[in-house]
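So this one's final-v4.cif, mmCIF, C-alpha atoms:
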```cif
data_structure
loop_
_atom_site.label_atom_id
_atom_site.label_comp_id
_atom_site.auth_asym_id
_atom_site.auth_seq_id
_atom_site.Cartn_x
_atom_site.Cartn_y
_atom_site.Cartn_z
CA MET A 26 113.97 74.84 101.50
CA THR A 27 111.78 73.99 98.50
CA LEU A 28 108.25 72.64 98.39
CA ILE A 29 109.60 69.18 97.50
CA ASP A 30 111.76 69.24 100.64
CA HIS A 31 108.72 70.02 102.74
CA LEU A 32 106.78 67.16 101.20
CA HIS A 33 109.60 64.72 101.94
CA LEU A 34 110.32 65.91 105.47
CA ARG A 35 106.79 66.08 106.88
CA GLU A 36 103.65 64.05 106.55
CA PRO A 37 100.71 66.27 105.52
CA TYR A 38 98.64 65.37 108.59
CA ASP A 39 101.48 66.11 111.01
CA ALA A 40 102.31 69.29 109.14
CA ILE A 41 98.77 70.64 109.54
CA LEU A 42 98.66 69.77 113.24
CA ALA A 43 102.02 71.45 113.81
CA LYS A 44 101.18 74.51 111.74
CA VAL A 45 101.23 77.89 113.47
CA VAL A 46 100.22 81.29 112.12
CA PRO A 47 102.44 84.26 113.04
CA ARG A 48 100.82 87.31 114.60
CA HIS A 49 101.88 90.76 113.38
CA ARG A 50 100.35 94.02 112.20
CA SER A 51 99.31 92.50 108.86
CA SER A 52 97.90 89.22 110.20
CA ILE A 53 94.33 90.21 109.30
CA TRP A 54 95.11 89.60 105.63
CA TYR A 55 95.67 85.90 106.27
CA TYR A 56 91.89 85.51 106.58
CA MET A 57 91.30 86.52 102.97
CA GLY A 58 92.44 83.16 101.62
CA GLY A 59 90.11 81.22 103.90
CA LEU A 60 87.22 83.57 103.15
CA ALA A 61 87.79 83.06 99.41
CA LEU A 62 87.66 79.29 99.97
CA PHE A 63 84.38 79.63 101.87
CA LEU A 64 82.82 81.77 99.12
CA PHE A 65 83.96 79.27 96.50
CA CYS A 66 82.24 76.46 98.41
CA LEU A 67 79.13 78.63 98.73
CA GLN A 68 79.16 79.10 94.96
CA ILE A 69 79.21 75.34 94.47
CA VAL A 70 76.33 74.68 96.89
CA THR A 71 74.05 77.44 95.58
CA GLY A 72 74.99 76.63 91.98
CA VAL A 73 73.98 72.99 92.39
CA LEU A 74 70.64 74.07 93.89
CA LEU A 75 69.99 76.39 90.94
CA LEU A 76 70.71 73.55 88.51
CA PHE A 77 67.58 71.74 89.66
CA TYR A 78 65.44 74.41 87.97
CA TYR A 79 67.56 76.03 85.26
CA GLN A 80 67.05 75.13 81.58
CA PRO A 81 69.93 76.18 79.29
CA THR A 82 68.04 77.13 76.10
CA PRO A 83 67.21 80.58 74.72
CA GLU A 84 63.50 79.73 74.82
CA ALA A 85 63.43 78.47 78.41
CA ALA A 86 66.41 80.01 80.25
CA HIS A 87 64.81 83.29 81.26
CA GLN A 88 61.48 81.65 82.01
CA SER A 89 63.12 79.02 84.21
CA VAL A 90 64.87 81.72 86.22
CA GLU A 91 61.56 83.58 86.62
CA MET A 92 59.90 80.37 87.83
CA LEU A 93 62.80 79.74 90.21
CA ILE A 94 62.33 83.17 91.77
CA ALA A 95 58.54 83.04 91.92
CA LYS A 96 57.76 79.42 92.82
CA ALA A 97 60.81 77.53 94.12
CA PRO A 98 61.16 77.53 97.92
CA PHE A 99 63.69 80.27 98.74
CA GLY A 100 64.60 80.28 95.03
CA GLY A 101 65.01 84.04 94.83
CA VAL A 102 67.21 84.12 97.92
CA ILE A 103 69.42 81.30 96.66
CA ARG A 104 69.83 82.97 93.26
CA SER A 105 70.65 86.31 94.89
CA LEU A 106 73.04 84.59 97.27
CA HIS A 107 74.77 82.93 94.32
CA SER A 108 75.12 86.22 92.42
CA TRP A 109 76.18 88.39 95.36
CA SER A 110 78.63 85.81 96.64
CA ALA A 111 80.17 85.58 93.15
CA ASN A 112 80.90 89.30 93.27
CA ALA A 113 82.17 89.02 96.83
CA LEU A 114 84.43 86.14 95.78
CA ILE A 115 86.06 88.24 93.05
CA ALA A 116 86.59 91.12 95.50
CA VAL A 117 88.11 88.84 98.14
CA VAL A 118 90.34 87.08 95.59
CA PHE A 119 91.68 90.47 94.47
CA LEU A 120 92.29 91.45 98.11
CA HIS A 121 94.01 88.12 98.76
CA MET A 122 96.20 88.46 95.68
CA PHE A 123 97.32 92.01 96.43
CA SER A 124 97.88 91.32 100.14
CA THR A 125 100.01 88.31 99.16
CA PHE A 126 101.90 90.53 96.73
CA PHE A 127 102.56 93.33 99.22
CA MET A 128 103.57 90.92 101.99
CA LYS A 129 105.95 89.25 99.50
CA SER A 130 104.42 85.87 100.26
CA TYR A 131 105.28 84.77 96.72
CA ARG A 132 108.92 84.33 97.69
CA SER A 133 110.66 80.95 97.99
CA PRO A 134 109.42 78.30 98.64
CA ARG A 135 105.96 79.61 97.68
CA GLN A 136 106.47 80.34 93.97
CA ILE A 137 104.15 77.51 92.90
CA VAL A 138 101.51 78.65 95.40
CA TRP A 139 101.59 82.06 93.70
CA LEU A 140 101.19 80.43 90.29
CA THR A 141 98.17 78.41 91.40
CA GLY A 142 96.71 81.61 92.85
CA ILE A 143 97.06 83.34 89.46
CA VAL A 144 95.32 80.40 87.81
CA LEU A 145 92.51 80.57 90.37
CA LEU A 146 92.01 84.29 89.70
CA LEU A 147 91.59 83.54 85.99
CA LEU A 148 89.20 80.69 86.78
CA MET A 149 87.05 82.88 89.04
CA LEU A 150 86.84 85.55 86.35
CA GLY A 151 85.99 82.78 83.88
CA PHE A 152 83.16 81.61 86.14
CA CYS A 153 81.71 85.11 86.23
CA PHE A 154 82.02 85.63 82.49
CA THR A 155 80.46 82.29 81.55
CA GLY A 156 77.67 82.65 84.10
CA TYR A 157 76.66 86.15 83.08
CA LEU A 158 74.67 85.07 80.00
CA LEU A 159 72.77 82.24 81.69
CA PRO A 160 69.69 84.28 82.76
CA TRP A 161 69.37 85.29 79.08
CA ASP A 162 68.19 88.84 79.71
CA SER A 163 68.94 91.81 77.44
CA THR A 164 71.78 93.26 79.49
CA ALA A 165 73.54 89.90 79.79
CA TYR A 166 73.10 89.22 76.07
CA PHE A 167 74.71 92.47 74.90
CA ALA A 168 77.46 92.37 77.54
CA THR A 169 78.35 88.84 76.39
CA ARG A 170 78.33 89.96 72.78
CA ILE A 171 80.85 92.68 73.63
CA GLY A 172 82.94 90.31 75.75
CA THR A 173 83.15 87.62 73.08
CA GLU A 174 84.09 90.22 70.46
CA ILE A 175 87.26 91.34 72.27
CA PRO A 176 89.26 88.09 71.72
CA LYS A 177 89.16 88.78 67.99
CA ALA A 178 91.93 91.33 68.56
CA ILE A 179 94.31 88.52 69.57
CA PRO A 180 96.72 87.83 66.68
CA PHE A 181 96.36 84.52 64.83
CA PHE A 182 94.03 82.84 67.35
CA GLY A 183 91.52 85.62 68.03
CA ASP A 184 88.79 84.54 65.62
CA ALA A 185 89.14 80.92 66.72
CA ILE A 186 88.77 81.85 70.41
CA SER A 187 85.72 84.02 69.72
CA GLY A 188 84.17 81.29 67.59
CA LEU A 189 84.89 78.69 70.26
CA LEU A 190 83.04 80.76 72.86
CA ARG A 191 80.13 81.72 70.63
CA GLY A 192 79.69 78.52 68.68
CA SER A 193 78.79 80.68 65.66
CA LYS A 194 79.46 84.14 64.26
CA ASN A 195 77.01 85.77 66.65
CA VAL A 196 75.75 85.18 70.20
CA THR A 197 73.05 82.51 69.82
CA GLY A 198 71.65 79.48 71.57
CA ALA A 199 74.91 77.71 70.79
CA THR A 200 76.72 80.36 72.83
CA LEU A 201 74.42 79.75 75.78
CA THR A 202 75.01 76.01 75.58
CA ARG A 203 78.80 76.38 75.43
CA LEU A 204 79.03 78.90 78.25
CA PHE A 205 76.70 76.76 80.36
CA GLY A 206 78.92 73.72 79.80
CA LEU A 207 82.02 75.69 80.74
CA HIS A 208 80.31 77.18 83.79
CA VAL A 209 78.93 74.00 85.34
CA ALA A 210 81.36 71.30 84.16
CA VAL A 211 84.73 72.32 82.74
CA LEU A 212 85.64 75.24 85.01
CA PRO A 213 84.43 73.58 88.26
CA LEU A 214 86.48 70.45 87.58
CA ILE A 215 89.64 72.46 86.95
CA ALA A 216 88.94 74.83 89.84
CA VAL A 217 88.43 72.08 92.41
CA LEU A 218 91.75 70.49 91.46
CA VAL A 219 93.65 73.79 91.57
CA VAL A 220 91.98 74.86 94.84
CA ALA A 221 92.95 71.52 96.40
CA ALA A 222 96.56 71.98 95.29
CA HIS A 223 96.64 75.61 96.46
CA VAL A 224 95.19 74.84 99.89
CA THR A 225 97.43 71.80 100.38
CA MET A 226 100.62 73.69 99.55
CA THR A 227 99.58 76.60 101.79
CA ALA A 228 98.95 74.20 104.67
CA LEU A 229 102.33 72.48 104.19
CA LEU A 230 104.39 75.64 103.77
CA GLY A 231 102.69 77.74 106.42
CA SER A 232 102.11 81.50 106.43
CA ALA A 233 104.85 83.83 105.24
CA MET A 234 106.06 86.81 107.27
CA PRO A 235 106.33 90.17 105.44
CA PRO A 236 109.98 91.32 105.12
CA GLY A 237 111.11 93.46 108.01
CA THR A 238 108.08 92.60 110.15
CA VAL A 239 108.50 91.58 113.78
CA ALA A 240 106.25 88.77 114.97
CA LYS A 241 104.17 89.43 118.08
CA GLY A 242 103.64 85.76 118.75
CA LYS A 243 102.14 82.67 117.12
CA THR A 244 98.68 81.16 116.91
CA ARG A 245 98.17 77.42 116.54
CA PHE A 246 96.35 76.70 113.31
CA ILE A 247 94.23 74.03 115.02
CA PRO A 248 92.10 74.93 116.88
CA GLN A 249 92.66 78.66 117.55
CA TYR A 250 93.14 79.99 114.02
CA VAL A 251 90.45 77.70 112.55
CA LEU A 252 88.02 79.03 115.16
CA GLY A 253 88.80 82.61 114.15
CA GLU A 254 88.44 81.67 110.48
CA SER A 255 85.03 80.11 111.21
CA ILE A 256 83.86 83.34 112.82
CA VAL A 257 84.93 85.27 109.71
CA TRP A 258 82.99 82.80 107.55
CA LEU A 259 79.84 83.16 109.66
CA ILE A 260 80.03 86.95 109.54
CA GLY A 261 80.57 86.87 105.78
CA PHE A 262 77.64 84.49 105.25
CA ALA A 263 75.36 86.59 107.47
CA LEU A 264 76.18 89.77 105.54
CA LEU A 265 75.61 88.05 102.19
CA LEU A 266 72.30 86.63 103.37
CA ILE A 267 71.12 90.06 104.54
CA VAL A 268 72.07 91.62 101.20
CA ALA A 269 70.43 88.77 99.24
CA VAL A 270 67.16 89.20 101.13
CA LEU A 271 67.04 93.01 101.17
CA HIS A 272 68.46 93.56 97.67
CA PRO A 273 67.47 90.66 95.37
CA TRP A 274 69.62 90.30 92.27
CA GLU A 275 67.76 91.90 89.38
CA LEU A 276 66.51 89.99 86.35
CA GLY A 277 66.05 92.08 83.22
CA PRO A 278 63.63 91.44 80.35
CA ALA A 279 64.27 88.36 78.24
CA TYR A 280 66.13 88.79 74.97
CA ASP A 281 64.35 87.55 71.85
CA LEU A 282 66.68 86.29 69.11
CA THR A 283 63.85 86.51 66.56
CA LYS A 284 63.51 90.27 67.19
CA PRO A 285 67.05 91.69 67.24
CA THR A 286 67.44 95.08 68.93
CA GLU A 287 70.20 97.58 69.49
CA PRO A 288 72.14 97.51 72.78
CA PRO A 289 70.55 99.69 75.47
CA ALA A 290 72.37 102.90 76.39
CA GLY A 291 75.06 102.38 78.99
CA VAL A 292 75.29 98.60 78.69
CA HIS A 293 78.51 97.49 80.34
CA PRO A 294 80.22 94.47 81.93
CA GLU A 295 80.36 93.81 85.66
CA TRP A 296 82.58 95.98 87.87
CA TYR A 297 85.57 93.63 87.80
CA PHE A 298 85.86 94.02 84.01
CA MET A 299 85.16 97.76 83.89
CA PHE A 300 88.83 98.80 83.86
CA LEU A 301 89.37 96.62 80.78
CA TYR A 302 86.20 98.03 79.20
CA GLN A 303 87.39 101.61 79.74
CA SER A 304 90.85 100.83 78.38
CA LEU A 305 89.32 100.01 75.00
CA LYS A 306 88.09 103.62 74.73
CA TYR A 307 91.64 104.94 74.84
CA ILE A 308 93.66 102.40 72.87
CA PRO A 309 92.90 99.94 70.05
CA GLU A 310 91.84 96.43 70.99
CA TRP A 311 95.10 94.90 69.75
CA ALA A 312 97.12 97.34 71.86
CA ALA A 313 95.01 96.53 74.92
CA VAL A 314 95.55 92.80 74.35
CA VAL A 315 99.32 93.30 74.05
CA PHE A 316 99.51 95.58 77.09
CA TYR A 317 97.49 93.39 79.43
CA THR A 318 99.26 90.26 78.20
CA LEU A 319 102.62 91.82 79.15
CA VAL A 320 101.21 92.92 82.53
CA PHE A 321 99.91 89.41 83.14
CA ILE A 322 103.26 87.82 82.25
CA PHE A 323 105.07 90.23 84.58
CA TRP A 324 102.59 89.56 87.40
CA THR A 325 102.92 85.81 86.96
CA LEU A 326 106.74 85.88 86.97
CA VAL A 327 107.08 88.21 89.97
CA PRO A 328 108.55 85.47 92.24
CA TRP A 329 111.45 85.07 89.82
CA LEU A 330 111.80 88.75 88.84
CA ASP A 331 112.12 89.94 92.43
CA ARG A 332 115.90 89.87 92.93
CA ARG A 333 115.50 90.19 96.69
CA ALA A 334 113.28 87.12 96.91
CA GLY A 335 116.02 85.07 98.58
CA THR A 336 116.45 87.59 101.39
CA ASN A 337 114.35 89.21 104.10
CA ARG A 338 114.73 92.62 102.48
CA LYS A 339 111.87 94.72 101.17
CA SER A 340 111.30 95.32 97.44
CA PRO A 341 110.17 98.95 97.04
CA LEU A 342 110.07 98.77 93.25
CA PHE A 343 107.64 95.86 93.27
CA THR A 344 105.59 97.48 96.02
CA TRP A 345 105.17 100.58 93.87
CA CYS A 346 104.23 98.39 90.90
CA GLY A 347 101.42 96.93 93.00
CA ILE A 348 100.27 100.38 94.11
CA ALA A 349 100.31 101.59 90.50
CA ALA A 350 98.22 98.58 89.44
CA ILE A 351 95.61 99.29 92.12
CA LEU A 352 95.44 103.01 91.37
CA GLY A 353 95.20 102.32 87.64
CA MET A 354 92.34 99.85 88.08
CA ILE A 355 90.46 102.22 90.41
CA ALA A 356 90.93 105.21 88.09
CA LEU A 357 89.82 103.33 84.97
CA THR A 358 86.84 101.78 86.76
CA THR A 359 85.73 105.17 88.08
CA LEU A 360 86.04 106.75 84.64
CA ALA A 361 84.09 103.84 83.15
CA TYR A 362 81.13 104.34 85.50
CA ILE A 363 81.17 108.10 84.87
CA SER A 364 81.12 107.40 81.13
CA VAL A 365 78.23 104.94 81.48
CA ALA A 366 76.24 107.43 83.55
CA ASP A 367 76.79 110.11 80.88
CA GLU A 368 75.62 107.75 78.13
CA GLN A 369 72.46 106.89 80.06
CA ALA A 370 71.75 110.56 80.77
CA LYS A 371 72.11 111.45 77.07
CA ALA A 372 69.82 108.59 76.10
CA GLU A 373 67.16 109.76 78.56
CA LYS A 374 67.32 113.33 77.21
CA THR A 375 66.97 112.01 73.66
CA VAL A 376 63.84 110.08 74.62
CA GLU A 377 62.31 113.05 76.45
CA SER A 378 63.01 115.57 73.67
CA PRO A 379 60.12 116.10 71.19
#
```

Show the structure stored in the file as structure tokens.
Amino acid sequence: MTLIDHLHLREPYDAILAKVVPRHRSSIWYYMGGLALFLFCLQIVTGVLLLFYYQPTPEAAHQSVEMLIAKAPFGGVIRSLHSWSANALIAVVFLHMFSTFFMKSYRSPRQIVWLTGIVLLLLMLGFCFTGYLLPWDSTAYFATRIGTEIPKAIPFFGDAISGLLRGSKNVTGATLTRLFGLHVAVLPLIAVLVVAAHVTMTALLGSAMPPGTVAKGKTRFIPQYVLGESIVWLIGFALLLIVAVLHPWELGPAYDLTKPTEPPAGVHPEWYFMFLYQSLKYIPEWAAVVFYTLVFIFWTLVPWLDRRAGTNRKSPLFTWCGIAAILGMIALTTLAYISVADEQAKAEKTVESP
């Protein structure tokens, strides 16, 4: 039965009331989608609060963030909550994607749900990339300069994409303005629409059972499962709040465009881009672009490539592909942090030597 059949056969309201969630040994992973939704909403709320103080210009951006932390009521906590929850959102989205992949929840009639999930992953990464420069500190400046340089390796359109992001040949005030516009206007509008579609289709189609798994019962979505989801949200919020208070998100020194400097030793992107960053040390940029483009196409088309998608049989080959992807990302990320630590150690020795 396709998604269109579900839409014709059941009214959305009745479908949600009648929805049940199967219980089995992998049921815990169902909560990842709801937790991602909660973190996305938290991003919107804290982001709107930060907008009341932030000024998107090279001259005022860093100063406005400093004032937010020092003088705005709970400003430092809200900023830290926004930053930590952004990282938590990426982690949860990755967990949700891989759990969906391993449980084969992309199979019919959920192919479009999988596609919207892929789009949401790209949007969340886009949020993080465009938001990284906004504090306008040195680390963010150089990391953005590296990040906006990579698209140049894309054939035919690379220079245009890099120029579109930067607004000029280099990272300047125009770059800050463009990334700010993407971060607070363009991406949120698209994300809200895609999230609404993703959540609606998930509610209508219900939760998929992993192939070969025996259900231990069912839980009514309303109110039992929603109550459990709410508890997960409260626990997640409490943990984020504790981290935000005890470990405020750091703000580095402001970058001065009138006094250009060299990148500090060990400058690197955030953890979720580290595997890409490390890849560029082993293969040329164009090869990395080709490789990851092919991987992305394969990952997107999995619901149609899995020949056992119309059955209740397992797909060992695809399972091993997922395991290989996870191990590859972990290995490259680990090597990247080791490399960064070595670079910083060498820089410190150079400074200390007479």

Checklist line | Output of the PyMOL selection byres ((chain A and resi 328-343) around 9), listed as number ranges by chain | finding: A: 126-127, 129, 131-133, 135-136, 139, 235-237, 323-327, 344-348

For those residues, write C-alpha atoms to a file as a PDB file, in the coordinates of the input.
```pdb
ATOM      1  CA  PHE A 126     101.900  90.530  96.730  1.00  0.00           C
ATOM      2  CA  PHE A 127     102.560  93.330  99.220  1.00  0.00           C
ATOM      3  CA  LYS A 129     105.950  89.250  99.500  1.00  0.00           C
ATOM      4  CA  TYR A 131     105.280  84.770  96.720  1.00  0.00           C
ATOM      5  CA  ARG A 132     108.920  84.330  97.690  1.00  0.00           C
ATOM      6  CA  SER A 133     110.660  80.950  97.990  1.00  0.00           C
ATOM      7  CA  ARG A 135     105.960  79.610  97.680  1.00  0.00           C
ATOM      8  CA  GLN A 136     106.470  80.340  93.970  1.00  0.00           C
ATOM      9  CA  TRP A 139     101.590  82.060  93.700  1.00  0.00           C
ATOM     10  CA  PRO A 235     106.330  90.170 105.440  1.00  0.00           C
ATOM     11  CA  PRO A 236     109.980  91.320 105.120  1.00  0.00           C
ATOM     12  CA  GLY A 237     111.110  93.460 108.010  1.00  0.00           C
ATOM     13  CA  PHE A 323     105.070  90.230  84.580  1.00  0.00           C
ATOM     14  CA  TRP A 324     102.590  89.560  87.400  1.00  0.00           C
ATOM     15  CA  THR A 325     102.920  85.810  86.960  1.00  0.00           C
ATOM     16  CA  LEU A 326     106.740  85.880  86.970  1.00  0.00           C
ATOM     17  CA  VAL A 327     107.080  88.210  89.970  1.00  0.00           C
ATOM     18  CA  THR A 344     105.590  97.480  96.020  1.00  0.00           C
ATOM     19  CA  TRP A 345     105.170 100.580  93.870  1.00  0.00           C
ATOM     20  CA  CYS A 346     104.230  98.390  90.900  1.00  0.00           C
ATOM     21  CA  GLY A 347     101.420  96.930  93.000  1.00  0.00           C
ATOM     22  CA  ILE A 348     100.270 100.380  94.110  1.00  0.00           C
TER      23      ILE A 348
END
```

Margin query: Could you tell me, as a list in words, exactly which residues end up selected when the PyMOL selection byres ((chain A and resi 313-315) around 12) is applied to this structure?
Written below: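 Evaluating the PyMOL selection byres ((chain A and resi 313-315) around 12) on this file yields Ile175, Pro176, Lys177, Ala178, Ile179, Pro180, Gly183, Phe300, Leu301, Tyr302, Gln303, Ser304, Leu305, Lys306, Tyr307, Ile308, Pro309, Glu310, Trp311, Ala312, Phe316, Tyr317, Thr318, Leu319, Val320, Phe321 and Ile322 of chain A.
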
Show me, as JSON lines, the residues of stretch 208-242 of chain A having an atom within 9 Å of stretch 56-74 of chain A, each with the closest atom pair and its distance in Å, using only C-alpha atoms.
```
{"residue": "A:Val209", "atom": "CA", "partner": "A:Gly72", "partner_atom": "CA", "distance": 8.2}
{"residue": "A:Pro213", "atom": "CA", "partner": "A:Ile69", "partner_atom": "CA", "distance": 8.3}
{"residue": "A:Val220", "atom": "CA", "partner": "A:Leu62", "partner_atom": "CA", "distance": 8.0}
{"residue": "A:Val224", "atom": "CA", "partner": "A:Leu62", "partner_atom": "CA", "distance": 8.7}
```

List every protein, DNA or RNA residue that has at least one atom no more than 8 Å from (100.2, 81.2, 109.9) in the file's coordinates, counting all atoms listed in the file, and write the result as a CSV table (one decimal) with C-alpha atoms, keeping the file's coordinate frame.
```csv
chain,number,residue,atom,x,y,z
A,44,LYS,CA,101.2,74.5,111.7
A,45,VAL,CA,101.2,77.9,113.5
A,46,VAL,CA,100.2,81.3,112.1
A,47,PRO,CA,102.4,84.3,113.0
A,48,ARG,CA,100.8,87.3,114.6
A,55,TYR,CA,95.7,85.9,106.3
A,231,GLY,CA,102.7,77.7,106.4
A,232,SER,CA,102.1,81.5,106.4
A,233,ALA,CA,104.8,83.8,105.2
A,243,LYS,CA,102.1,82.7,117.1
A,244,THR,CA,98.7,81.2,116.9
A,245,ARG,CA,98.2,77.4,116.5
A,246,PHE,CA,96.4,76.7,113.3
```

Next item on the list: List the residues matched by the PyMOL selection byres ((chain A and resi 269-276) around 9) in the displayed structure as a list in words, ordered by chain and then by residue number.
Entry: His87, Val90, Glu91, Gly101, Val102, Ile103, Arg104, Ser105, Leu106, His107, Ser108, Trp109, Pro160, Asp162, Leu264, Leu265, Leu266, Ile267, Val268, Gly277, Pro278 and Ala279 of chain A

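The spacing separating atom CA of A:Ala210 from atom CA of A:Leu114 amounts to 19.1 Å.
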
Next item on the list: Find, counting all atoms listed in the file, the residue in A:Ser364, A:Thr155, A:Thr202, A:Thr125 that gets nearest to A:Gln80.
Entry: A:Thr202

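If all atoms listed in the file are the atoms counted, then among A:Ala85, A:Leu145, A:Cys153, A:Ile260 the closest residue to A:Val217 is A:Leu145.
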
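Distance-wise, atom CA of A:Ile247 and atom CA of A:Thr227 end up 14.5 Å apart.
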
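Atom CA of A:Thr141 is positioned 6.5 Å from atom CA of A:Val219.
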
Notebook entry, point to check: Given the choices A:Leu259, A:Leu229, A:Val118, A:Leu360, which gets closest to A:Pro134 if the distance is worked out from all atoms listed in the file?
Noted result: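 Ranked by minimum distance to A:Pro134, first place goes to A:Leu229.
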
Next item on the list: Identify the residues around (82.3, 76.4, 84.0) within a radius of 10 Å, measuring from only C-alpha atoms in the coordinates stated by the file, and give them as a VMD selection string.
Entry: chain A and resid 148 to 149 151 to 156 203 to 216

Check: For A:Thr375, which residue out of A:Val117, A:Leu230, A:Leu42, A:Ala290 is the nearest one, using all atoms listed in the file?
Finding: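 Answer, going by the shortest atom-to-atom distance: A:Ala290.
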
Within 12 Å of A:Thr283 using only C-alpha atoms, minus same-chain residues under 6 positions, as a PDB file with C-alpha atoms, in the coordinates of the input:
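To be explicit, this is the file written out as out-v9.pdb:
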```
ATOM      1  CA  PRO A  83      67.210  80.580  74.720  1.00  0.00           C
ATOM      2  CA  GLU A  84      63.500  79.730  74.820  1.00  0.00           C
ATOM      3  CA  THR A 197      73.050  82.510  69.820  1.00  0.00           C
ATOM      4  CA  GLY A 198      71.650  79.480  71.570  1.00  0.00           C
TER       5      GLY A 198
END
```
